[in-house]
>>> print(open('upload-v8.txt').read())   # compact mmCIF, C-alpha atoms and all ligand atoms
# COMPACT_ATOMS: atom_id res chain seq x y z
CA MET A 25 -108.58 36.12 -12.18
CA MET A 26 -108.30 33.09 -9.96
CA LEU A 27 -108.73 33.49 -6.21
CA SER A 28 -107.02 31.11 -3.88
CA HIS A 29 -108.42 30.21 -0.47
CA LEU A 30 -105.51 28.14 0.69
CA PRO A 31 -105.26 28.15 4.48
CA VAL A 32 -102.58 30.43 5.82
CA PRO A 33 -100.43 29.19 8.69
CA LEU A 34 -101.56 30.24 12.15
CA ILE A 35 -99.43 32.75 14.02
CA MET A 36 -98.37 30.75 17.04
CA ASP A 37 -96.40 33.40 18.93
CA LEU A 38 -98.87 36.28 19.30
CA ASP A 39 -96.33 38.35 21.24
CA ARG A 40 -94.50 38.85 17.94
CA LEU A 41 -97.36 40.94 16.61
CA PRO A 42 -97.14 44.71 17.02
CA PHE A 43 -99.83 46.53 18.97
CA PRO A 44 -102.67 47.87 16.78
CA ALA A 45 -101.82 51.10 14.90
CA LEU A 46 -104.17 53.25 16.98
CA HIS A 47 -102.43 56.43 15.90
CA LEU A 48 -104.32 55.99 12.61
CA LEU A 49 -107.70 56.14 14.39
CA PRO A 50 -109.65 59.02 15.98
CA MET A 51 -109.25 57.48 19.44
CA ASP A 52 -110.95 60.40 21.21
CA ASP A 53 -114.17 59.49 19.40
CA TYR A 54 -114.40 56.02 20.98
CA LYS A 55 -116.56 56.18 24.11
CA LEU A 56 -118.45 53.53 26.00
CA LEU A 57 -122.17 54.10 25.36
CA ASN A 58 -122.89 57.66 26.48
CA MET A 59 -119.93 57.98 28.84
CA LYS A 60 -117.43 60.73 28.23
CA THR A 61 -114.29 58.73 28.92
CA ASN A 62 -112.14 57.07 26.28
CA MET A 63 -112.38 53.34 25.74
CA ALA A 64 -110.51 50.74 23.69
CA THR A 65 -110.80 47.06 22.95
CA MET A 66 -108.15 44.36 23.15
CA ILE A 67 -107.87 40.75 22.05
CA THR A 68 -105.44 38.71 24.12
CA SER A 69 -105.87 35.25 22.59
CA ARG A 70 -106.92 33.52 19.41
CA GLY A 71 -108.62 30.24 18.70
CA CYS A 72 -110.67 27.98 20.90
CA PRO A 73 -110.21 24.26 21.54
CA MET A 74 -113.93 23.67 22.08
CA GLN A 75 -116.13 22.57 19.22
CA CYS A 76 -119.51 24.20 19.91
CA SER A 77 -121.58 23.53 16.81
CA PHE A 78 -123.16 27.01 16.69
CA CYS A 79 -119.87 28.93 16.96
CA ALA A 80 -117.68 30.30 14.17
CA SER A 81 -114.58 30.73 16.35
CA ALA A 82 -112.72 27.70 15.00
CA ALA A 83 -113.52 28.68 11.41
CA LEU A 84 -112.23 32.20 11.98
CA HIS A 85 -109.26 31.64 14.25
CA GLY A 86 -108.59 27.90 14.27
CA SER A 87 -109.00 25.46 17.13
CA ASN A 88 -105.45 25.90 18.33
CA PHE A 89 -105.68 28.10 21.44
CA ARG A 90 -102.92 30.71 21.38
CA LEU A 91 -102.26 33.20 24.13
CA ARG A 92 -100.40 36.46 24.43
CA SER A 93 -98.16 36.52 27.48
CA PRO A 94 -99.45 38.39 30.56
CA LYS A 95 -96.61 40.91 30.24
CA ASN A 96 -97.47 41.61 26.60
CA VAL A 97 -101.16 42.08 27.49
CA VAL A 98 -100.46 44.48 30.33
CA ASP A 99 -97.88 46.38 28.29
CA GLU A 100 -100.64 47.11 25.76
CA MET A 101 -103.00 48.14 28.56
CA GLU A 102 -100.35 50.54 29.83
CA HIS A 103 -99.89 51.91 26.30
CA LEU A 104 -103.65 52.55 26.03
CA VAL A 105 -103.83 54.27 29.41
CA GLU A 106 -100.73 56.39 29.04
CA ASP A 107 -100.85 57.31 25.36
CA TYR A 108 -104.60 57.51 24.72
CA ASP A 109 -106.09 58.35 28.14
CA VAL A 110 -108.17 55.19 27.93
CA GLU A 111 -110.20 54.58 31.06
CA THR A 112 -112.18 51.55 29.95
CA ILE A 113 -110.72 48.49 28.25
CA ALA A 114 -112.98 45.81 26.82
CA PHE A 115 -111.42 42.38 26.32
CA MET A 116 -113.07 40.89 23.25
CA ASP A 117 -111.56 37.41 23.49
CA ASN A 118 -113.83 34.49 22.77
CA THR A 119 -112.48 32.64 25.76
CA PHE A 120 -110.65 35.09 28.03
CA THR A 121 -111.07 32.88 31.10
CA LEU A 122 -110.33 29.50 29.51
CA ASN A 123 -106.88 29.51 31.08
CA ARG A 124 -107.50 30.62 34.67
CA LYS A 125 -103.81 30.65 35.56
CA ARG A 126 -103.07 33.15 32.81
CA VAL A 127 -105.91 35.45 33.96
CA GLU A 128 -104.40 35.38 37.45
CA GLU A 129 -100.98 36.14 35.96
CA ILE A 130 -102.44 39.12 34.05
CA CYS A 131 -103.95 40.42 37.32
CA ALA A 132 -100.59 39.95 39.06
CA GLU A 133 -98.87 41.85 36.24
CA ILE A 134 -101.37 44.72 36.62
CA LYS A 135 -100.71 44.81 40.36
CA LYS A 136 -96.98 44.87 39.71
CA LYS A 137 -97.37 47.85 37.36
CA LYS A 138 -99.61 49.64 39.83
CA SER A 139 -97.19 49.18 42.66
CA GLY A 140 -94.51 50.68 40.44
CA ASP A 141 -96.97 53.48 39.67
CA THR A 142 -96.47 53.10 35.94
CA LEU A 143 -100.02 52.06 35.17
CA GLY A 144 -102.79 54.41 36.25
CA MET A 145 -105.35 51.65 36.40
CA TYR A 146 -107.79 53.47 38.65
CA SER A 147 -110.39 53.25 35.93
CA PRO A 148 -113.15 50.73 35.43
CA TRP A 149 -112.56 48.03 32.90
CA ILE A 150 -114.93 45.63 31.31
CA ILE A 151 -114.37 42.08 30.17
CA TYR A 152 -116.76 40.78 27.57
CA LEU A 153 -117.06 37.05 28.12
CA GLU A 154 -118.75 34.22 26.39
CA ILE A 155 -120.38 31.97 28.93
CA CYS A 156 -120.11 28.62 27.18
S1 LIG A 201 -116.27 27.70 23.94
FE1 LIG A 201 -117.07 29.69 23.18
S2 LIG A 201 -115.59 30.38 21.67
FE2 LIG A 201 -115.19 28.21 22.02
S3 LIG A 201 -116.35 27.13 20.40
FE3 LIG A 201 -117.67 27.25 22.22
S4 LIG A 201 -118.88 29.13 21.97
FE4 LIG A 201 -117.15 29.23 20.56
>>> encode(input="upload-v8.txt", output="structure tokens")
Amino acid sequence: MMLSHLPVPLIMDLDRLPFPALHLLPMDDYKLLNMKTNMATMITSRGCPMQCSFCASAALHGSNFRLRSPKNVVDEMEHLVEDYDVETIAFMDNTFTLNRKRVEEICAEIKKKKSGDTLGMYSPWIIYLEIC
């Protein structure tokens, strides 16, 4: 059998992707360290335009920085909170803060949801960041 390692095209519009199929996972088993509350992870972007020699990001996700829209990100947060009682969300992006404007837009989207009382974001959330 011959294996091919031809590069596959990058998905440029990440908003087209469905949310992860969490209904297939035992979500109540995912806790943060020894806390009792539910947690989940999210990835809101792919790729990194930087070329740090020690980093595998470009090899894994390409160097073309692609972003989910703030609305799409917060819609998934709302889904996690409402459907899985998630109280802690960890953003696992390589470069969550690379685009400051988008981070501010995500915060504004969260505030908008909160003011409409559709997102019970009274829980702590954690952002894992790479300080590069
Ligand atoms: S900025 Fe961070 S994610 Fe990007 S190449 Fe450097 S170490 Fe990797």
>>> residues_near_ligand(input="upload-v8.txt", ligand="ligand LIG 201 (chain A)", cutoff="8 Å", atoms="all atoms listed in the file", output="list in words")
Gly71, Cys72, Pro73, Met74, Gln75, Cys76, Ser77, Phe78, Cys79, Ala80, Ser81, Ala82, Asn118, Thr119, Glu154, Ile155 and Cys156 of chain A
>>> closest_residue(input="upload-v8.txt", among="A:Ser87, A:Asn62, A:Thr112, A:Thr121", to="A:Pro50", atoms="all atoms listed in the file")
A:Asn62
>>> closest_residue(input="upload-v8.txt", among="A:Ile130, A:Met63, A:Val98, A:Leu84", to="A:Leu34", atoms="only C-alpha atoms")
A:Leu84
>>> closest_residue(input="upload-v8.txt", among="A:Phe43, A:Lys95, A:Thr68, A:Gly86", to="A:Leu122", atoms="only C-alpha atoms")
A:Thr68
>>> closest_residue(input="upload-v8.txt", among="A:Asp39, A:Met59, A:Val110, A:Asp99", to="A:Lys136", atoms="all atoms listed in the file")
A:Asp99
>>> decode(input="upload-v8.txt", residues="stretch 108-137 of chain A", atoms="C-alpha atoms", output="PDB file, in the first residue's frame")
ATOM      1  CA  TYR A 108     -23.145  20.931  29.332  1.00  0.00           C
ATOM      2  CA  ASP A 109     -23.165  23.075  32.497  1.00  0.00           C
ATOM      3  CA  VAL A 110     -19.594  24.075  31.753  1.00  0.00           C
ATOM      4  CA  GLU A 111     -18.253  26.601  34.230  1.00  0.00           C
ATOM      5  CA  THR A 112     -14.663  26.805  33.043  1.00  0.00           C
ATOM      6  CA  ILE A 113     -13.569  27.220  29.441  1.00  0.00           C
ATOM      7  CA  ALA A 114      -9.919  26.921  28.478  1.00  0.00           C
ATOM      8  CA  PHE A 115      -8.908  28.545  25.190  1.00  0.00           C
ATOM      9  CA  MET A 116      -6.152  26.401  23.732  1.00  0.00           C
ATOM     10  CA  ASP A 117      -5.207  28.660  20.833  1.00  0.00           C
ATOM     11  CA  ASN A 118      -1.531  29.070  20.093  1.00  0.00           C
ATOM     12  CA  THR A 119      -1.986  32.791  19.683  1.00  0.00           C
ATOM     13  CA  PHE A 120      -5.322  33.827  21.193  1.00  0.00           C
ATOM     14  CA  THR A 121      -4.211  37.435  21.687  1.00  0.00           C
ATOM     15  CA  LEU A 122      -2.398  37.959  18.386  1.00  0.00           C
ATOM     16  CA  ASN A 123      -5.341  39.969  17.087  1.00  0.00           C
ATOM     17  CA  ARG A 124      -6.220  42.290  19.969  1.00  0.00           C
ATOM     18  CA  LYS A 125      -9.230  43.768  18.178  1.00  0.00           C
ATOM     19  CA  ARG A 126     -10.819  40.346  17.834  1.00  0.00           C
ATOM     20  CA  VAL A 127     -10.282  39.580  21.544  1.00  0.00           C
ATOM     21  CA  GLU A 128     -12.049  42.839  22.363  1.00  0.00           C
ATOM     22  CA  GLU A 129     -14.854  41.900  19.970  1.00  0.00           C
ATOM     23  CA  ILE A 130     -15.212  38.499  21.683  1.00  0.00           C
ATOM     24  CA  CYS A 131     -15.475  40.273  25.058  1.00  0.00           C
ATOM     25  CA  ALA A 132     -18.081  42.647  23.612  1.00  0.00           C
ATOM     26  CA  GLU A 133     -20.041  39.668  22.263  1.00  0.00           C
ATOM     27  CA  ILE A 134     -19.970  38.033  25.722  1.00  0.00           C
ATOM     28  CA  LYS A 135     -21.230  41.263  27.282  1.00  0.00           C
ATOM     29  CA  LYS A 136     -23.991  41.438  24.706  1.00  0.00           C
ATOM     30  CA  LYS A 137     -25.097  37.882  25.540  1.00  0.00           C
TER      31      LYS A 137
END
